[in-house]
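Have a look at target-v9.txt; it's compact mmCIF, C-alpha atoms:
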# COMPACT_ATOMS: atom_id res chain seq x y z
CA MET A 1 -9.83 41.24 -86.15
CA ASN A 2 -10.49 39.41 -82.89
CA PRO A 3 -12.32 41.86 -80.58
CA ALA A 4 -10.28 40.78 -77.55
CA GLY A 5 -7.12 41.85 -79.38
CA ILE A 6 -8.42 45.31 -80.26
CA LYS A 7 -6.75 48.28 -78.58
CA ALA A 8 -8.70 51.23 -79.93
CA LEU A 9 -8.09 54.95 -79.72
CA VAL A 10 -11.51 56.65 -79.84
CA THR A 11 -11.60 60.42 -80.31
CA GLY A 12 -14.72 62.17 -79.08
CA GLY A 13 -14.90 59.46 -76.44
CA GLY A 14 -16.57 61.65 -73.85
CA GLY A 15 -20.08 61.05 -75.12
CA GLY A 16 -22.53 60.42 -77.92
CA ILE A 17 -21.34 58.14 -80.67
CA GLY A 18 -17.89 57.82 -79.06
CA GLY A 19 -19.47 56.49 -75.89
CA ALA A 20 -21.59 54.02 -77.84
CA ILE A 21 -18.53 52.82 -79.78
CA ALA A 22 -16.62 52.35 -76.51
CA ASP A 23 -19.53 50.42 -74.97
CA GLU A 24 -19.73 48.07 -77.92
CA LEU A 25 -16.00 47.44 -78.11
CA LEU A 26 -15.62 46.90 -74.37
CA THR A 27 -18.54 44.46 -74.14
CA ARG A 28 -16.81 42.40 -76.85
CA GLY A 29 -13.52 42.29 -74.92
CA ALA A 30 -11.58 45.14 -76.55
CA SER A 31 -9.56 47.80 -74.75
CA VAL A 32 -10.36 51.45 -75.41
CA LEU A 33 -8.34 54.65 -74.99
CA LEU A 34 -10.90 57.47 -74.89
CA VAL A 35 -9.87 60.96 -75.93
CA ASP A 36 -11.86 64.15 -75.59
CA ARG A 37 -11.16 67.85 -75.12
CA ASP A 38 -13.90 68.03 -72.47
CA ALA A 39 -12.24 66.72 -69.31
CA ALA A 40 -15.53 66.58 -67.38
CA ALA A 41 -17.27 64.53 -70.10
CA LEU A 42 -14.26 62.24 -70.26
CA ALA A 43 -14.33 61.75 -66.48
CA ARG A 44 -18.05 60.86 -66.64
CA ALA A 45 -17.38 58.35 -69.42
CA ALA A 46 -14.50 56.81 -67.46
CA ALA A 47 -16.67 56.50 -64.35
CA ARG A 48 -19.45 54.86 -66.36
CA LEU A 49 -16.97 52.40 -67.87
CA ALA A 50 -15.00 51.72 -64.68
CA ILE A 51 -16.42 48.18 -64.59
CA TYR A 52 -13.97 47.33 -67.39
CA GLY A 53 -10.96 48.16 -65.24
CA ASP A 54 -7.65 48.75 -66.96
CA ARG A 55 -9.12 48.07 -70.41
CA VAL A 56 -10.27 51.72 -70.34
CA GLY A 57 -7.83 54.58 -70.57
CA THR A 58 -8.47 58.31 -70.94
CA LEU A 59 -6.55 61.26 -72.25
CA THR A 60 -7.70 64.86 -72.45
CA ALA A 61 -6.51 66.49 -75.66
CA ASP A 62 -7.47 69.32 -77.97
CA LEU A 63 -7.28 67.84 -81.46
CA THR A 64 -6.85 71.30 -82.96
CA SER A 65 -3.48 71.57 -81.19
CA SER A 66 -0.47 70.04 -82.92
CA ALA A 67 1.27 69.57 -79.56
CA ASP A 68 -1.77 67.76 -78.12
CA ARG A 69 -2.04 65.52 -81.20
CA GLN A 70 1.64 64.62 -80.92
CA ARG A 71 1.24 63.88 -77.20
CA LEU A 72 -1.84 61.78 -77.97
CA CYS A 73 -0.08 59.78 -80.70
CA ALA A 74 2.92 59.14 -78.45
CA ALA A 75 0.62 57.88 -75.70
CA ALA A 76 -1.40 55.76 -78.15
CA ALA A 77 1.75 54.09 -79.47
CA THR A 78 2.62 52.83 -75.98
CA TRP A 79 -0.77 52.33 -74.29
CA ARG A 80 -1.24 48.59 -73.58
CA GLY A 81 1.53 47.85 -76.07
CA GLY A 82 0.21 50.28 -78.67
CA VAL A 83 -3.18 50.78 -80.27
CA ASN A 84 -4.11 48.84 -83.39
CA VAL A 85 -7.35 50.66 -84.15
CA LEU A 86 -7.80 54.41 -84.69
CA ILE A 87 -11.39 55.63 -84.55
CA ASN A 88 -11.61 59.26 -85.66
CA ASN A 89 -14.96 60.10 -84.17
CA ALA A 90 -14.64 63.59 -82.66
CA GLY A 91 -16.79 66.16 -84.39
CA VAL A 92 -18.58 69.45 -84.01
CA ASN A 93 -21.86 70.34 -85.59
CA HIS A 94 -23.18 73.88 -85.41
CA PHE A 95 -26.65 74.12 -86.90
CA ARG A 96 -26.87 77.58 -88.39
CA MET A 97 -27.49 79.05 -91.79
CA PHE A 98 -24.14 79.58 -93.50
CA ALA A 99 -24.53 83.37 -93.87
CA ASP A 100 -25.03 83.65 -90.09
CA GLN A 101 -22.22 81.36 -88.99
CA PRO A 102 -19.29 83.12 -87.29
CA PRO A 103 -15.83 82.47 -88.76
CA GLU A 104 -14.70 80.86 -85.49
CA GLN A 105 -17.33 78.12 -85.93
CA LEU A 106 -16.23 77.54 -89.52
CA ASP A 107 -12.61 77.20 -88.46
CA LEU A 108 -13.44 74.88 -85.55
CA ALA A 109 -15.60 72.58 -87.70
CA ILE A 110 -12.87 72.26 -90.32
CA ALA A 111 -10.17 71.73 -87.68
CA ILE A 112 -12.04 69.07 -85.68
CA ASN A 113 -14.07 67.31 -88.38
CA LEU A 114 -11.49 67.25 -91.16
CA LEU A 115 -7.97 68.27 -90.23
CA ALA A 116 -7.75 66.33 -86.95
CA PRO A 117 -8.60 62.95 -88.55
CA ILE A 118 -6.16 63.59 -91.40
CA HIS A 119 -3.36 64.56 -89.02
CA LEU A 120 -4.04 61.64 -86.66
CA CYS A 121 -4.03 59.18 -89.54
CA GLN A 122 -0.72 60.53 -90.80
CA GLU A 123 0.90 60.65 -87.37
CA LEU A 124 -0.27 57.18 -86.28
CA LEU A 125 0.10 55.41 -89.63
CA PRO A 126 3.75 54.33 -89.13
CA HIS A 127 2.78 52.79 -85.78
CA LEU A 128 -0.32 51.10 -87.23
CA GLN A 129 1.69 49.68 -90.13
CA ARG A 130 3.97 47.93 -87.61
CA GLN A 131 1.00 46.05 -86.13
CA PRO A 132 0.14 42.58 -87.46
CA GLU A 133 -3.36 43.88 -88.22
CA ALA A 134 -4.73 47.41 -87.87
CA CYS A 135 -7.77 49.47 -88.74
CA ILE A 136 -8.67 53.12 -89.20
CA LEU A 137 -12.35 54.02 -88.88
CA ASN A 138 -13.34 57.56 -89.81
CA THR A 139 -16.76 58.62 -88.60
CA GLY A 140 -18.66 60.66 -91.13
CA SER A 141 -22.34 61.39 -91.42
CA VAL A 142 -25.27 60.97 -93.74
CA PHE A 143 -24.58 64.67 -94.36
CA GLY A 144 -21.34 63.51 -96.00
CA ALA A 145 -23.48 62.20 -98.87
CA ILE A 146 -26.13 64.94 -99.09
CA GLY A 147 -25.77 68.63 -98.38
CA TYR A 148 -28.38 69.92 -95.99
CA PRO A 149 -29.50 73.49 -95.20
CA GLY A 150 -28.08 74.75 -91.93
CA TYR A 151 -25.23 72.25 -92.14
CA ALA A 152 -23.23 73.60 -95.09
CA VAL A 153 -19.81 73.53 -93.41
CA TYR A 154 -20.54 70.33 -91.48
CA SER A 155 -21.61 68.65 -94.73
CA ALA A 156 -18.51 69.92 -96.51
CA THR A 157 -16.22 68.48 -93.83
CA LYS A 158 -17.98 65.12 -93.88
CA PHE A 159 -17.90 64.98 -97.70
CA ALA A 160 -14.15 65.60 -97.42
CA VAL A 161 -13.66 62.91 -94.76
CA ARG A 162 -15.50 60.45 -96.98
CA GLY A 163 -13.22 61.28 -99.93
CA PHE A 164 -10.11 61.15 -97.77
CA THR A 165 -11.13 57.76 -96.39
CA GLU A 166 -11.81 56.38 -99.85
CA ALA A 167 -8.41 57.53 -101.14
CA LEU A 168 -6.53 56.29 -98.06
CA ARG A 169 -8.30 52.92 -98.28
CA ARG A 170 -7.02 52.58 -101.85
CA GLU A 171 -3.50 53.66 -100.88
CA LEU A 172 -3.36 51.06 -98.11
CA ALA A 173 -5.26 48.30 -99.94
CA ASP A 174 -2.24 45.98 -100.04
CA SER A 175 -1.19 46.62 -96.45
CA ASN A 176 -2.14 45.36 -93.00
CA VAL A 177 -4.20 48.54 -92.33
CA THR A 178 -7.88 48.42 -93.18
CA VAL A 179 -9.58 51.79 -93.67
CA ARG A 180 -13.34 52.25 -93.21
CA TYR A 181 -15.89 55.06 -93.19
CA LEU A 182 -18.94 54.99 -90.90
CA ALA A 183 -21.81 57.34 -91.72
CA PRO A 184 -24.43 57.39 -88.96
Translate the structure described by the file into structure tokens.
Amino acid sequence: MNPAGIKALVTGGGGGIGGAIADELLTRGASVLLVDRDAAALARAAARLAIYGDRVGTLTADLTSSADRQRLCAAAATWRGGVNVLINNAGVNHFRMFADQPPEQLDLAIAINLLAPIHLCQELLPHLQRQPEACILNTGSVFGAIGYPGYAVYSATKFAVRGFTEALRRELADSNVTVRYLAP
């Protein structure tokens, strides 16, 4: 895929890996729609990337909310003619021994790390399949290959994302949509 033709939706775009992905894509000529639930972090990222002008867009959304995901997908399908790359990068990582982890943290990790990428893939797939060439990149972790103490739920979600990505890649093997897994 020619980088100048990439129009990428990057979840978790307010910082960390999402910010690094945006930097790399933008320096190569791509356009990037950054999404984050943290409006302040998103504003800082947008200010940092303002040198790229209208090739940077932002949208605040809570990926655990069905309504926000639908709003995000509708915006992504029209932004700059519609995205052709979905980068599921948003994630939460609470280091804590499993026995001490509150149920709210368990639910949030599963919702953000696993359910949000699955839902976004399903909701955006019809749009991506209409593009001449498209890509889905699901960000995992080295903890998606090895379980690690203090990261039991995080590891479980990343193992699941890896399996989901592998299955989806096989389902779409004969289509215009490439599916990849990145494990930093």
Quick one: pull the distance between atom CA of A:Thr78 and atom CA of A:Arg28, Å, one decimal.
22.1 Å
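Closest approach to A:Gly82 among A:Gly5, A:Gly163, A:Gly140, A:Gly14: A:Gly5, based on all atoms listed in the file.
Proximity ranking of A:Asn93, A:Thr11, A:Thr165, A:Gln105 relative to A:Gly57 places A:Thr11 first, based on all atoms listed in the file.
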Quick one: pull the distance between atom CA of A:Thr60 and atom CA of A:Leu33, Å, one decimal.
10.5 Å
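Closest approach to A:Glu24 among A:Val92, A:Ile112, A:Ala4, A:Ala41: A:Ala4, based on all atoms listed in the file.
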Extract, using all atoms listed in the file, all DNA, RNA and protein residues at most 12 Å from A:Leu25, discarding same-chain residues fewer than 2 positions from it, and format them as an NGL selection string.
:A and (1-10 or 18-23 or 27-34 or 49 or 52 or 55-56 or 85 or 87)
Nearest to A:His119, chosen from A:Ala74, A:Arg162, A:Cys135, A:Ser66, with all atoms listed in the file counted in the distances
A:Ser66
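Interatomic distance, atom CA of A:Val161 against atom CA of A:Ala77: 23.4 Å.
Distances here use all atoms listed in the file; by that measure, the residue among A:Ala145, A:Tyr151, A:Val179, A:Leu120 closest to A:Gln101 is A:Tyr151.
Using all atoms listed in the file, the smallest distance between any of A:Ala45, A:Ser175, A:Asp36, A:Val153 and A:Asp100 comes from A:Val153.
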Find the residues with any atom within 12 Å of (-23.1, 73.8, -85.2); use only C-alpha atoms and the coordinates as given in the file, and write the answer as a ChimeraX atom specification.
/A:91-98,100-110,113,149-155
Can I get the selection written as a CSV table (one decimal), in the coordinates of the input, with C-alpha atoms?
chain,number,residue,atom,x,y,z
A,91,GLY,CA,-16.8,66.2,-84.4
A,92,VAL,CA,-18.6,69.4,-84.0
A,93,ASN,CA,-21.9,70.3,-85.6
A,94,HIS,CA,-23.2,73.9,-85.4
A,95,PHE,CA,-26.6,74.1,-86.9
A,96,ARG,CA,-26.9,77.6,-88.4
A,97,MET,CA,-27.5,79.0,-91.8
A,98,PHE,CA,-24.1,79.6,-93.5
A,100,ASP,CA,-25.0,83.6,-90.1
A,101,GLN,CA,-22.2,81.4,-89.0
A,102,PRO,CA,-19.3,83.1,-87.3
A,103,PRO,CA,-15.8,82.5,-88.8
A,104,GLU,CA,-14.7,80.9,-85.5
A,105,GLN,CA,-17.3,78.1,-85.9
A,106,LEU,CA,-16.2,77.5,-89.5
A,107,ASP,CA,-12.6,77.2,-88.5
A,108,LEU,CA,-13.4,74.9,-85.6
A,109,ALA,CA,-15.6,72.6,-87.7
A,110,ILE,CA,-12.9,72.3,-90.3
A,113,ASN,CA,-14.1,67.3,-88.4
A,149,PRO,CA,-29.5,73.5,-95.2
A,150,GLY,CA,-28.1,74.8,-91.9
A,151,TYR,CA,-25.2,72.2,-92.1
A,152,ALA,CA,-23.2,73.6,-95.1
A,153,VAL,CA,-19.8,73.5,-93.4
A,154,TYR,CA,-20.5,70.3,-91.5
A,155,SER,CA,-21.6,68.6,-94.7
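The set of protein, DNA and RNA residues with any counted atom at most 7 Å from (-2.5, 58.0, -73.7) (only C-alpha atoms) reads Leu33, Thr58, Leu59, Leu72, Ala75, Ala76 and Trp79 of chain A.
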Write out as JSON an axis-aligned box for stretch 121-134 of chain A: all of its atoms listed in the file, 6 Å added on each side, centre and edge lengths in Å with one decimal.
{"center_x": -0.4, "center_y": 51.6, "center_z": -88.3, "size_x": 20.7, "size_y": 30.1, "size_z": 17.0}
Mind checking which residues fall within 8 Å of A:Leu63, counting only C-alpha atoms, ignoring those fewer than 6 positions away in the same chain, and posting them as a PyMOL selection string?
chain A and resi 37+69+111-112+116
